[in-house]
$ cat coords-v4.cif   # mmCIF, C-alpha atoms and all ligand atoms
data_protein
loop_
_atom_site.label_atom_id
_atom_site.label_comp_id
_atom_site.auth_asym_id
_atom_site.auth_seq_id
_atom_site.Cartn_x
_atom_site.Cartn_y
_atom_site.Cartn_z
CA MET A 20 -10.12 63.67 -13.64
CA SER A 21 -13.59 63.15 -12.25
CA THR A 22 -14.06 60.62 -9.47
CA THR A 23 -14.98 57.09 -10.49
CA TYR A 24 -16.35 54.63 -7.99
CA ASN A 25 -15.80 51.08 -9.07
CA PHE A 26 -18.34 48.58 -7.69
CA CYS A 27 -16.81 45.57 -9.44
CA ALA A 28 -17.17 42.26 -7.55
CA GLY A 29 -13.61 41.25 -8.39
CA PRO A 30 -10.97 42.12 -9.30
CA ALA A 31 -12.11 45.04 -7.20
CA MET A 32 -10.99 48.44 -5.97
CA ILE A 33 -7.64 48.64 -4.23
CA PRO A 34 -7.19 51.52 -1.76
CA GLN A 35 -6.07 54.63 -3.62
CA ALA A 36 -3.28 55.31 -1.12
CA VAL A 37 -1.84 51.85 -1.89
CA MET A 38 -2.00 52.41 -5.65
CA GLN A 39 -0.28 55.78 -5.30
CA LYS A 40 2.51 54.30 -3.20
CA ALA A 41 2.98 51.46 -5.69
CA GLN A 42 3.12 53.98 -8.52
CA SER A 43 5.73 56.09 -6.74
CA GLU A 44 8.04 53.13 -6.17
CA LEU A 45 7.34 51.21 -9.36
CA LEU A 46 10.75 51.86 -10.92
CA ASP A 47 12.80 51.98 -7.75
CA TRP A 48 11.69 49.92 -4.79
CA ASN A 49 13.53 50.23 -1.49
CA GLY A 50 16.38 52.14 -3.10
CA LEU A 51 17.36 49.07 -5.15
CA GLY A 52 17.12 50.91 -8.47
CA THR A 53 14.71 48.25 -9.73
CA SER A 54 11.08 47.35 -9.17
CA VAL A 55 9.92 44.81 -6.62
CA MET A 56 8.77 42.73 -9.62
CA GLU A 57 12.30 42.26 -10.88
CA ILE A 58 14.12 40.96 -7.82
CA SER A 59 14.56 37.45 -6.50
CA HIS A 60 11.82 36.18 -4.25
CA ARG A 61 14.64 34.79 -2.12
CA SER A 62 16.50 38.11 -1.79
CA LYS A 63 16.79 39.45 1.74
CA GLU A 64 14.75 42.52 0.76
CA PHE A 65 11.82 40.45 -0.48
CA ILE A 66 11.99 38.09 2.48
CA ALA A 67 11.84 41.13 4.77
CA LEU A 68 8.67 42.17 2.95
CA THR A 69 7.02 38.77 3.33
CA ASP A 70 8.04 38.51 7.00
CA GLN A 71 6.44 41.87 7.69
CA ALA A 72 3.31 40.92 5.69
CA GLU A 73 2.93 37.84 7.86
CA VAL A 74 3.36 39.80 11.09
CA ASP A 75 0.80 42.36 9.90
CA LEU A 76 -1.80 39.83 8.77
CA ARG A 77 -1.42 37.88 12.02
CA GLU A 78 -2.00 41.10 13.93
CA LEU A 79 -4.93 42.27 11.77
CA MET A 80 -6.79 38.98 12.09
CA SER A 81 -5.46 37.93 15.54
CA ILE A 82 -4.24 34.64 14.08
CA PRO A 83 -3.15 32.21 16.83
CA SER A 84 0.37 30.79 16.72
CA ASN A 85 -0.80 27.22 15.92
CA TYR A 86 -1.94 28.43 12.49
CA HIS A 87 0.25 28.59 9.39
CA LEU A 88 -0.08 31.31 6.78
CA LEU A 89 0.35 30.50 3.11
CA PHE A 90 0.53 32.86 0.15
CA MET A 91 -0.41 30.74 -2.85
CA HIS A 92 -1.24 30.70 -6.54
CA GLY A 93 -4.55 29.70 -8.03
CA GLY A 94 -7.11 32.14 -6.64
CA GLY A 95 -10.22 31.02 -4.81
CA ARG A 96 -11.00 28.15 -7.14
CA GLY A 97 -7.49 26.78 -6.75
CA GLN A 98 -8.40 26.16 -3.11
CA PHE A 99 -11.59 24.29 -4.08
CA SER A 100 -9.37 21.45 -5.25
CA ALA A 101 -6.50 22.04 -2.82
CA VAL A 102 -8.65 21.35 0.27
CA VAL A 103 -9.85 18.08 -1.27
CA ASN A 104 -6.42 16.91 -2.33
CA ASN A 105 -4.87 17.90 0.96
CA PHE A 106 -7.46 16.43 3.32
CA LEU A 107 -9.54 13.70 1.70
CA GLY A 108 -6.80 11.26 0.78
CA ASP A 109 -8.03 7.84 1.84
CA LYS A 110 -11.70 8.08 0.87
CA GLY A 111 -12.53 10.47 3.72
CA LYS A 112 -15.88 12.25 3.67
CA ALA A 113 -16.70 15.94 3.79
CA LEU A 114 -19.87 17.98 4.29
CA TYR A 115 -20.51 20.96 2.03
CA LEU A 116 -23.10 23.55 3.04
CA ILE A 117 -24.66 25.14 -0.05
CA SER A 118 -25.76 28.75 0.30
CA GLY A 119 -25.20 30.10 -3.21
CA SER A 120 -23.08 30.01 -6.35
CA TRP A 121 -19.62 29.75 -4.85
CA SER A 122 -20.32 27.08 -2.24
CA LYS A 123 -22.08 25.10 -4.96
CA ALA A 124 -19.07 25.40 -7.25
CA ALA A 125 -16.74 24.31 -4.45
CA ALA A 126 -18.83 21.18 -3.85
CA GLU A 127 -18.92 20.36 -7.58
CA GLU A 128 -15.14 20.54 -7.74
CA ALA A 129 -14.88 18.29 -4.68
CA VAL A 130 -17.17 15.67 -6.25
CA LYS A 131 -15.18 15.80 -9.46
CA LEU A 132 -11.97 14.95 -7.59
CA THR A 133 -13.50 12.29 -5.33
CA SER A 134 -16.94 10.69 -5.58
CA ASP A 135 -20.58 11.38 -4.81
CA GLU A 136 -20.31 9.11 -1.76
CA GLN A 137 -17.52 11.16 -0.25
CA ILE A 138 -19.13 14.57 -0.61
CA GLU A 139 -22.34 15.28 1.28
CA ARG A 140 -24.19 18.38 0.09
CA LEU A 141 -26.68 20.24 2.27
CA ASN A 142 -28.70 23.17 0.96
CA ILE A 143 -29.12 25.74 3.74
CA VAL A 144 -31.06 28.48 1.93
CA GLU A 145 -34.84 28.62 2.11
CA ASN A 146 -36.80 30.73 -0.32
CA ASN A 147 -40.13 32.02 0.99
CA ASN A 148 -42.12 34.61 -0.95
CA CYS A 149 -39.03 35.39 -3.02
CA ILE A 150 -36.88 36.09 0.06
CA ASN A 151 -33.75 33.99 0.66
CA THR A 152 -32.95 33.04 4.24
CA VAL A 153 -30.12 30.88 5.54
CA VAL A 154 -31.36 28.22 7.94
CA MET A 155 -28.48 26.67 9.83
CA PRO A 156 -28.82 22.93 10.34
CA GLN A 157 -28.33 21.23 13.70
CA LEU A 158 -25.04 19.39 13.25
CA SER A 159 -23.76 18.69 16.74
CA GLY A 160 -25.85 15.53 17.20
CA ASN A 161 -24.88 14.14 13.80
CA ASN A 162 -23.03 10.83 13.98
CA ASP A 163 -21.51 10.93 10.53
CA GLU A 164 -17.76 11.10 10.34
CA TYR A 165 -16.70 14.01 8.21
CA ARG A 166 -13.14 15.09 7.80
CA TYR A 167 -14.27 18.71 7.46
CA LEU A 168 -17.26 20.95 6.85
CA HIS A 169 -16.92 23.45 4.00
CA TYR A 170 -18.96 26.62 3.67
CA CYS A 171 -18.86 30.08 2.16
CA PRO A 172 -19.71 32.80 4.71
CA ASN A 173 -20.21 35.43 2.01
CA GLU A 174 -21.81 34.48 -1.28
CA THR A 175 -20.44 37.14 -3.61
CA VAL A 176 -22.89 36.48 -6.45
CA ASP A 177 -26.06 36.12 -4.38
CA GLY A 178 -25.42 38.83 -1.79
CA ILE A 179 -25.95 36.36 1.06
CA GLU A 180 -23.77 36.48 4.17
CA ILE A 181 -23.75 34.11 7.13
CA PHE A 182 -22.99 35.89 10.39
CA GLU A 183 -23.81 33.16 12.88
CA ASP A 184 -21.20 30.69 14.08
CA ILE A 185 -21.56 27.08 13.04
CA ASP A 186 -21.93 24.59 15.84
CA CYS A 187 -20.18 21.59 14.39
CA PRO A 188 -18.00 18.72 15.63
CA TRP A 189 -15.68 18.70 12.57
CA PRO A 190 -13.02 21.17 11.45
CA ILE A 191 -14.59 24.06 9.54
CA ILE A 192 -13.16 25.23 6.22
CA ALA A 193 -14.37 28.65 5.11
CA ASP A 194 -14.09 30.31 1.71
CA MET A 195 -13.73 33.94 2.80
CA SER A 196 -12.71 35.23 -0.62
CA SER A 197 -15.15 38.13 -0.50
CA ASN A 198 -15.36 38.97 3.20
CA ILE A 199 -11.93 38.32 4.69
CA MET A 200 -10.93 41.23 6.95
CA SER A 201 -14.28 42.95 6.45
CA ARG A 202 -15.08 42.35 10.14
CA GLU A 203 -13.43 40.63 13.08
CA ILE A 204 -13.71 36.86 13.21
CA ASP A 205 -12.41 34.29 15.68
CA VAL A 206 -9.84 32.38 13.61
CA SER A 207 -9.58 29.68 16.29
CA LYS A 208 -13.04 28.41 15.27
CA TYR A 209 -11.71 27.30 11.88
CA GLY A 210 -9.56 24.46 10.65
CA LEU A 211 -8.74 26.42 7.52
CA ILE A 212 -9.67 29.76 5.99
CA TYR A 213 -8.89 30.66 2.40
CA ALA A 214 -9.43 33.69 0.21
CA GLY A 215 -8.62 34.72 -3.33
CA ALA A 216 -6.97 38.13 -3.00
CA GLN A 217 -8.80 40.16 -5.62
CA LYS A 218 -11.73 41.28 -3.49
CA ASN A 219 -10.46 42.49 -0.13
CA ILE A 220 -6.72 41.94 -0.20
CA GLY A 221 -5.11 43.07 -3.43
CA PRO A 222 -4.80 42.01 -7.07
CA SER A 223 -5.73 38.65 -8.54
CA GLY A 224 -3.19 35.86 -8.83
CA LEU A 225 -2.73 35.38 -5.11
CA SER A 226 -4.67 33.47 -2.52
CA ILE A 227 -4.22 33.39 1.22
CA VAL A 228 -4.59 30.27 3.31
CA ILE A 229 -4.70 30.18 7.11
CA VAL A 230 -4.46 26.59 8.27
CA ARG A 231 -4.40 25.05 11.74
CA ASP A 232 -1.37 22.93 12.39
CA ASP A 233 -3.21 19.66 13.17
CA MET A 234 -5.05 19.79 9.81
CA LEU A 235 -1.75 19.02 8.12
CA ARG A 236 -1.73 15.55 9.67
CA LEU A 237 -4.80 14.50 7.67
CA PRO A 238 -4.03 12.12 4.79
CA ALA A 239 -3.42 13.81 1.45
CA LEU A 240 -3.96 12.66 -2.14
CA PRO A 241 -0.98 12.67 -4.51
CA GLN A 242 -1.17 16.15 -5.99
CA SER A 243 0.69 18.93 -7.72
CA SER A 244 3.43 20.12 -5.42
CA ILE A 245 2.56 23.78 -5.72
CA MET A 246 -0.88 23.20 -4.15
CA ASP A 247 0.45 20.98 -1.35
CA TYR A 248 -0.04 22.79 1.98
CA ARG A 249 2.66 20.77 3.72
CA LEU A 250 5.27 21.67 1.10
CA GLY A 251 4.07 25.28 1.22
CA VAL A 252 4.55 25.43 4.97
CA LYS A 253 7.94 23.75 4.75
CA HIS A 254 9.15 26.19 2.10
CA GLY A 255 7.60 29.39 3.49
CA SER A 256 5.22 29.63 0.48
CA MET A 257 8.25 29.56 -1.82
CA TYR A 258 8.33 26.02 -3.12
CA ASN A 259 8.15 27.68 -6.52
CA THR A 260 8.23 31.34 -7.50
CA PRO A 261 5.28 33.04 -5.82
CA PRO A 262 3.28 35.92 -7.37
CA THR A 263 5.67 38.50 -5.95
CA PHE A 264 4.03 41.70 -7.16
CA ALA A 265 0.63 40.61 -5.84
CA TRP A 266 2.26 39.70 -2.53
CA TYR A 267 3.87 43.14 -2.36
CA LEU A 268 0.54 44.88 -3.02
CA ALA A 269 -1.21 42.71 -0.43
CA ALA A 270 1.47 43.70 2.08
CA GLU A 271 0.79 47.36 1.29
CA VAL A 272 -2.94 46.80 1.81
CA PHE A 273 -2.19 45.31 5.25
CA THR A 274 -0.08 48.38 6.11
CA TRP A 275 -2.92 50.64 4.96
CA LEU A 276 -5.47 48.71 6.99
CA LYS A 277 -3.33 49.03 10.11
CA SER A 278 -2.87 52.76 9.50
CA ILE A 279 -6.62 53.37 9.53
CA GLY A 280 -7.21 51.46 12.74
CA GLY A 281 -7.36 47.82 11.70
CA VAL A 282 -10.21 45.47 10.92
CA ASN A 283 -12.50 46.63 13.72
CA ALA A 284 -12.39 50.27 12.67
CA LEU A 285 -13.10 49.35 9.07
CA ALA A 286 -15.86 46.95 10.05
CA GLN A 287 -17.82 49.90 11.42
CA VAL A 288 -17.40 51.83 8.16
CA ASN A 289 -18.45 48.70 6.24
CA LEU A 290 -21.63 48.44 8.34
CA ASP A 291 -22.38 52.13 7.78
CA LYS A 292 -21.95 51.75 4.01
CA ALA A 293 -24.19 48.68 3.82
CA LYS A 294 -26.87 50.19 6.08
CA LEU A 295 -27.05 53.35 3.99
CA LEU A 296 -27.64 51.37 0.82
CA TYR A 297 -30.05 48.75 2.23
CA ASP A 298 -32.09 51.39 4.09
CA PHE A 299 -32.45 53.34 0.89
CA ILE A 300 -33.47 50.26 -1.12
CA ASP A 301 -36.03 49.28 1.56
CA SER A 302 -37.50 52.77 1.62
CA SER A 303 -37.95 52.82 -2.16
CA ASP A 304 -40.79 51.56 -4.35
CA PHE A 305 -38.45 51.54 -7.30
CA TYR A 306 -35.78 49.07 -6.06
CA HIS A 307 -35.92 45.90 -4.02
CA ASN A 308 -33.67 43.29 -2.43
CA THR A 309 -34.43 39.57 -2.07
CA VAL A 310 -32.30 38.56 0.92
CA ALA A 311 -33.59 38.21 4.50
CA VAL A 312 -32.34 41.10 6.64
CA LYS A 313 -30.24 38.78 8.84
CA ASN A 314 -28.37 37.41 5.81
CA ARG A 315 -27.74 40.55 3.82
CA SER A 316 -24.15 40.75 2.70
CA VAL A 317 -22.16 43.72 3.98
CA MET A 318 -19.77 43.40 1.02
CA ASN A 319 -22.02 42.60 -1.96
CA VAL A 320 -25.34 44.40 -2.06
CA THR A 321 -27.62 42.86 -4.67
CA PHE A 322 -30.77 44.66 -5.76
CA TYR A 323 -33.32 44.73 -8.56
CA LEU A 324 -35.21 47.51 -10.29
CA LYS A 325 -38.93 46.76 -10.01
CA ASP A 326 -39.18 47.62 -13.70
CA GLU A 327 -36.37 45.55 -15.17
CA THR A 328 -36.85 47.03 -18.64
CA LEU A 329 -34.95 50.03 -17.25
CA ASN A 330 -31.80 48.01 -16.40
CA ALA A 331 -29.74 49.10 -19.41
CA GLU A 332 -30.68 52.74 -18.92
CA PHE A 333 -29.82 52.52 -15.21
CA LEU A 334 -26.37 51.09 -15.92
CA ALA A 335 -25.59 53.59 -18.67
CA GLU A 336 -26.60 56.62 -16.60
CA ALA A 337 -24.75 55.28 -13.55
CA ALA A 338 -21.58 54.92 -15.60
CA GLU A 339 -22.00 58.47 -16.85
CA ALA A 340 -22.15 59.57 -13.22
CA GLY A 341 -18.86 57.71 -12.52
CA LEU A 342 -20.50 54.72 -10.85
CA VAL A 343 -19.26 51.67 -12.72
CA ALA A 344 -19.59 47.88 -12.71
CA LEU A 345 -23.02 47.72 -11.06
CA LYS A 346 -24.40 44.94 -13.24
CA GLY A 347 -25.39 41.83 -11.28
CA HIS A 348 -23.82 38.47 -12.03
CA ARG A 349 -25.22 36.95 -15.23
CA SER A 350 -26.61 33.96 -13.31
CA VAL A 351 -28.89 36.08 -11.10
CA GLY A 352 -29.37 39.29 -13.11
CA GLY A 353 -30.29 42.62 -11.55
CA MET A 354 -27.69 44.85 -9.96
CA ARG A 355 -24.89 44.37 -7.49
CA ALA A 356 -22.85 46.97 -5.66
CA SER A 357 -19.69 45.41 -4.27
CA ILE A 358 -18.56 47.66 -1.45
CA TYR A 359 -15.40 46.04 -0.16
CA ASN A 360 -12.93 47.54 2.32
CA ALA A 361 -11.42 49.85 -0.30
CA MET A 362 -14.75 51.48 -1.20
CA PRO A 363 -15.02 54.76 0.71
CA LEU A 364 -18.29 55.84 2.30
CA GLU A 365 -18.48 58.68 -0.25
CA GLY A 366 -18.81 56.09 -3.02
CA VAL A 367 -21.95 54.67 -1.44
CA VAL A 368 -23.34 58.15 -0.69
CA SER A 369 -22.84 58.98 -4.33
CA LEU A 370 -24.54 55.74 -5.45
CA VAL A 371 -27.59 56.29 -3.22
CA SER A 372 -27.96 59.84 -4.46
CA PHE A 373 -27.79 58.64 -8.09
CA MET A 374 -30.32 55.85 -7.43
CA ASP A 375 -32.69 58.33 -5.83
CA LYS A 376 -32.40 60.73 -8.77
CA PHE A 377 -32.84 57.93 -11.30
CA ALA A 378 -35.97 56.67 -9.53
CA SER A 379 -37.64 60.06 -9.53
CA SER A 380 -36.67 61.23 -13.02
CA GLU A 381 -39.42 61.71 -15.62
CA ARG A 382 -39.54 59.14 -18.40
C1 LIG B 1 -14.37 35.27 -6.43
C2 LIG B 1 -14.65 34.11 -5.56
C3 LIG B 1 -14.08 32.85 -5.82
C4 LIG B 1 -13.25 32.53 -7.04
O1 LIG B 1 -12.06 33.17 -7.08
P1 LIG B 1 -11.06 32.93 -8.32
O2 LIG B 1 -9.84 33.63 -7.83
O3 LIG B 1 -11.67 33.54 -9.53
O4 LIG B 1 -10.85 31.48 -8.46
C5 LIG B 1 -14.35 31.83 -4.93
N1 LIG B 1 -15.13 32.03 -3.87
C6 LIG B 1 -15.71 33.22 -3.60
C7 LIG B 1 -16.55 33.39 -2.39
C8 LIG B 1 -15.47 34.31 -4.44
O5 LIG B 1 -16.04 35.49 -4.18
#
$ encode --input "coords-v4.cif" --output "structure tokens" --more "lines below"
Ligand SMILES: *Cc1c(COP(=O)(O)O)cnc(C)c1O
Amino acid sequence: MSTTYNFCAGPAMIPQAVMQKAQSELLDWNGLGTSVMEISHRSKEFIALTDQAEVDLRELMSIPSNYHLLFMHGGGRGQFSAVVNNFLGDKGKALYLISGSWSKAAAEEAVKLTSDEQIERLNIVENNNCINTVVMPQLSGNNDEYRYLHYCPNETVDGIEIFEDIDCPWPIIADMSSNIMSREIDVSKYGLIYAGAQKNIGPSGLSIVIVRDDMLRLPALPQSSIMDYRLGVKHGSMYNTPPTFAWYLAAEVFTWLKSIGGVNALAQVNLDKAKLLYDFIDSSDFYHNTVAVKNRSVMNVTFYLKDETLNAEFLAEAAEAGLVALKGHRSVGGMRASIYNAMPLEGVVSLVSFMDKFASSER
């Protein structure tokens, strides 16, 4: 079998070592003679798995003890509504920073569940000469009373990442679906962090929520019990049957991450991968990128061919070379290489070498 490197934005690559382990124990997990999919989520074996997953994730992200961890249904978008229903009960207000497709979608969902008066939207991307730059607003002197500020530190579709901290007097909620555990962050700066699993954690169907204890005292709207953070905390994420197989795979990804040195070790590899690709794009007359250097995503590298009539040919030849899922999101066009934690450096080396060859081939 020839090597395939999968650049899909999500569901995305899962580390090969994890997939091989899952394959080897698919029919007989832990000597039980059955798969992990077919046992009770309340069995002592499964609870041991979830306990260990929590210990590992707390260690990987240095999560302080006043934060709860939830393993939930509903992906990233499920959290768009969950944060509203859990925190904006009695007509509270929230501020949404808009930096691209996903933060915009989160704000639209929030408005749908509340009202235009409750949700303040602030565009933080400036476009100058076709280059997108995030300009952080001054918020500390703002007298408005917001229950939280919501933002998306890595815009998966647009290839825009926000590295600077936000200076803000309200609790910060961050959608880290596409950059969780890609680099070290200080969890204590956030009121809540959420992430759909299918980019950097495991398979789809699972989302992870890290929520500071005091956030749970905010007033909630009546809502579906399975998306209620307080019930989730009370029941150890088992108010109803959780996505057990996805949880198991996520736990294996945590074990893998620890085995290769944790988030900090991987963050260096992630920087190396991104630098290799951006440096090549910048050095080329054939490709270009439209994001300011300070906001270029380390996880989702967007780029365009200068001659866009060659897009279909580029994608077809890339696929032939084992480099798949490079097509950009339909809303922005062009190309996108998603190079999450599970993408090895060799995958990016292989991509750059293909791009170089494609650019210089006779046609
Ligand atoms: C993929 C993604 C989502 C949506 O996730 P779903 O699980 O499909 O709901 C939300 N936010 C960001 C930043 C994403 O990358």
$ residues_around --input "coords-v4.cif" --residues "range 268-272 of chain A" --least-positions-apart "5" --cutoff "8 Å" --atoms "all atoms listed in the file" --output "number ranges by chain"
A: 33-34, 37, 41, 68-69, 71-72, 75, 216, 220-222
$ write_last_selection --input "coords-v4.cif" --atoms "C-alpha atoms" --output "mmCIF file, in the frame of the given file"
data_model
loop_
_atom_site.group_PDB
_atom_site.id
_atom_site.type_symbol
_atom_site.label_atom_id
_atom_site.label_comp_id
_atom_site.auth_asym_id
_atom_site.auth_seq_id
_atom_site.Cartn_x
_atom_site.Cartn_y
_atom_site.Cartn_z
ATOM 1 C CA ILE A 33 -7.640 48.640 -4.230
ATOM 2 C CA PRO A 34 -7.190 51.520 -1.760
ATOM 3 C CA VAL A 37 -1.840 51.850 -1.890
ATOM 4 C CA ALA A 41 2.980 51.460 -5.690
ATOM 5 C CA LEU A 68 8.670 42.170 2.950
ATOM 6 C CA THR A 69 7.020 38.770 3.330
ATOM 7 C CA GLN A 71 6.440 41.870 7.690
ATOM 8 C CA ALA A 72 3.310 40.920 5.690
ATOM 9 C CA ASP A 75 0.800 42.360 9.900
ATOM 10 C CA ALA A 216 -6.970 38.130 -3.000
ATOM 11 C CA ILE A 220 -6.720 41.940 -0.200
ATOM 12 C CA GLY A 221 -5.110 43.070 -3.430
ATOM 13 C CA PRO A 222 -4.800 42.010 -7.070
#
$ residues_around --input "coords-v4.cif" --residues "Asn198 in chain A" --least-positions-apart "4" --cutoff "8 Å" --atoms "all atoms listed in the file" --output "PyMOL selection string"
chain A and resi 172-173+202+218-219+318+359
$ residues_around --input "coords-v4.cif" --residues "range 144-154 of chain A" --least-positions-apart "2" --cutoff "8 Å" --atoms "all atoms listed in the file" --output "list in words"
Ile117, Ser118, Gly119, Asn142, Pro156, Ile181, Thr309, Val310, Ala311, Lys313 and Asn314 of chain A
$ atom_distance --input "coords-v4.cif" --atom1 "CA of Ala101 in chain A" --atom2 "CA of Ile185 in chain A"
22.4 Å
$ residues_near_ligand --input "coords-v4.cif" --ligand "ligand LIG 1 (chain B)" --cutoff "10 Å" --atoms "only C-alpha atoms and all ligand atoms" --output "JSON, numbers by chain"
{"A": [28, 29, 30, 92, 93, 94, 95, 96, 97, 98, 99, 119, 120, 121, 122, 123, 124, 125, 170, 171, 172, 173, 174, 175, 176, 193, 194, 195, 196, 197, 198, 199, 213, 214, 215, 216, 217, 218, 219, 222, 223, 224, 225, 226, 319]}
$ atom_distance --input "coords-v4.cif" --atom1 "CA of Glu44 in chain A" --atom2 "CA of Tyr267 in chain A"
11.5 Å
$ residues_around --input "coords-v4.cif" --residues "Tyr258 in chain A" --least-positions-apart "3" --cutoff "10 Å" --atoms "only C-alpha atoms" --output "list in words"
Met91, Ser244, Ile245, Met246, Asp247, Leu250, Gly251, Val252, Lys253, His254, Gly255 and Pro261 of chain A
$ atom_distance --input "coords-v4.cif" --atom1 "CA of Thr133 in chain A" --atom2 "CA of Asp163 in chain A"
17.8 Å
$ closest_residue --input "coords-v4.cif" --among "A:Met234, A:Leu79, A:Leu46, A:Gly111" --to "Leu276 in chain A" --atoms "all atoms listed in the file"
A:Leu79
$ residues_around --input "coords-v4.cif" --residues "range 82-88 of chain A" --least-positions-apart "6" --cutoff "9 Å" --atoms "only C-alpha atoms" --output "list in words"
Glu73, Leu76, Asp205, Val206, Ser207, Gly210, Leu211, Ile227, Val228, Ile229, Val230, Arg231, Asp232, Asp233, Val252, Gly255 and Ser256 of chain A
$ write_last_selection --input "coords-v4.cif" --atoms "C-alpha atoms" --output "compact mmCIF listing (two decimals), keeping the file's coordinate frame"
# COMPACT_ATOMS: atom_id res chain seq x y z
CA GLU A 73 2.93 37.84 7.86
CA LEU A 76 -1.80 39.83 8.77
CA ASP A 205 -12.41 34.29 15.68
CA VAL A 206 -9.84 32.38 13.61
CA SER A 207 -9.58 29.68 16.29
CA GLY A 210 -9.56 24.46 10.65
CA LEU A 211 -8.74 26.42 7.52
CA ILE A 227 -4.22 33.39 1.22
CA VAL A 228 -4.59 30.27 3.31
CA ILE A 229 -4.70 30.18 7.11
CA VAL A 230 -4.46 26.59 8.27
CA ARG A 231 -4.40 25.05 11.74
CA ASP A 232 -1.37 22.93 12.39
CA ASP A 233 -3.21 19.66 13.17
CA VAL A 252 4.55 25.43 4.97
CA GLY A 255 7.60 29.39 3.49
CA SER A 256 5.22 29.63 0.48
$ closest_residue --input "coords-v4.cif" --among "A:Glu203, A:Glu332, A:Glu164, A:Asp109" --to "Ala239 in chain A" --atoms "all atoms listed in the file"
A:Asp109
$ closest_residue --input "coords-v4.cif" --among "A:Met200, A:Ala31, A:Val130, A:Leu237" --to "Gly108 in chain A" --atoms "all atoms listed in the file"
A:Leu237
$ residues_near_point --input "coords-v4.cif" --point "(-10.8, 56.2, -11.1)" --cutoff "12 Å" --atoms "all atoms listed in the file" --output "list in words"
Met20, Ser21, Thr22, Thr23, Tyr24, Asn25, Phe26, Ala31, Met32, Ile33, Pro34, Gln35, Met38, Ala338, Gly341, Leu342, Val343, Met362 and Gly366 of chain A
$ closest_residue --input "coords-v4.cif" --among "A:Gln39, A:Thr321, A:Asn105, A:Thr328" --to "Gly347 in chain A" --atoms "all atoms listed in the file"
A:Thr321
$ closest_residue --input "coords-v4.cif" --among "A:Arg355, A:Lys292, A:Lys110, A:Arg349" --to "Asn308 in chain A" --atoms "all atoms listed in the file"
A:Arg355
$ closest_residue --input "coords-v4.cif" --among "A:Lys294, A:Leu89, A:Met374, A:Glu64" --to "Gly50 in chain A" --atoms "all atoms listed in the file"
A:Glu64
$ residues_near_point --input "coords-v4.cif" --point "(-11.9, 48.3, 10.2)" --cutoff "9 Å" --atoms "only C-alpha atoms" --output "ChimeraX atom specification"
/A:200-203,276-277,279-289,360
$ axis_aligned_box --input "coords-v4.cif" --around "range 303-321 of chain A" --padding-each-side "4 Å" --output "JSON"
{"center_x": -30.3, "center_y": 45.1, "center_z": 0.8, "size_x": 29.0, "size_y": 23.4, "size_z": 24.1}
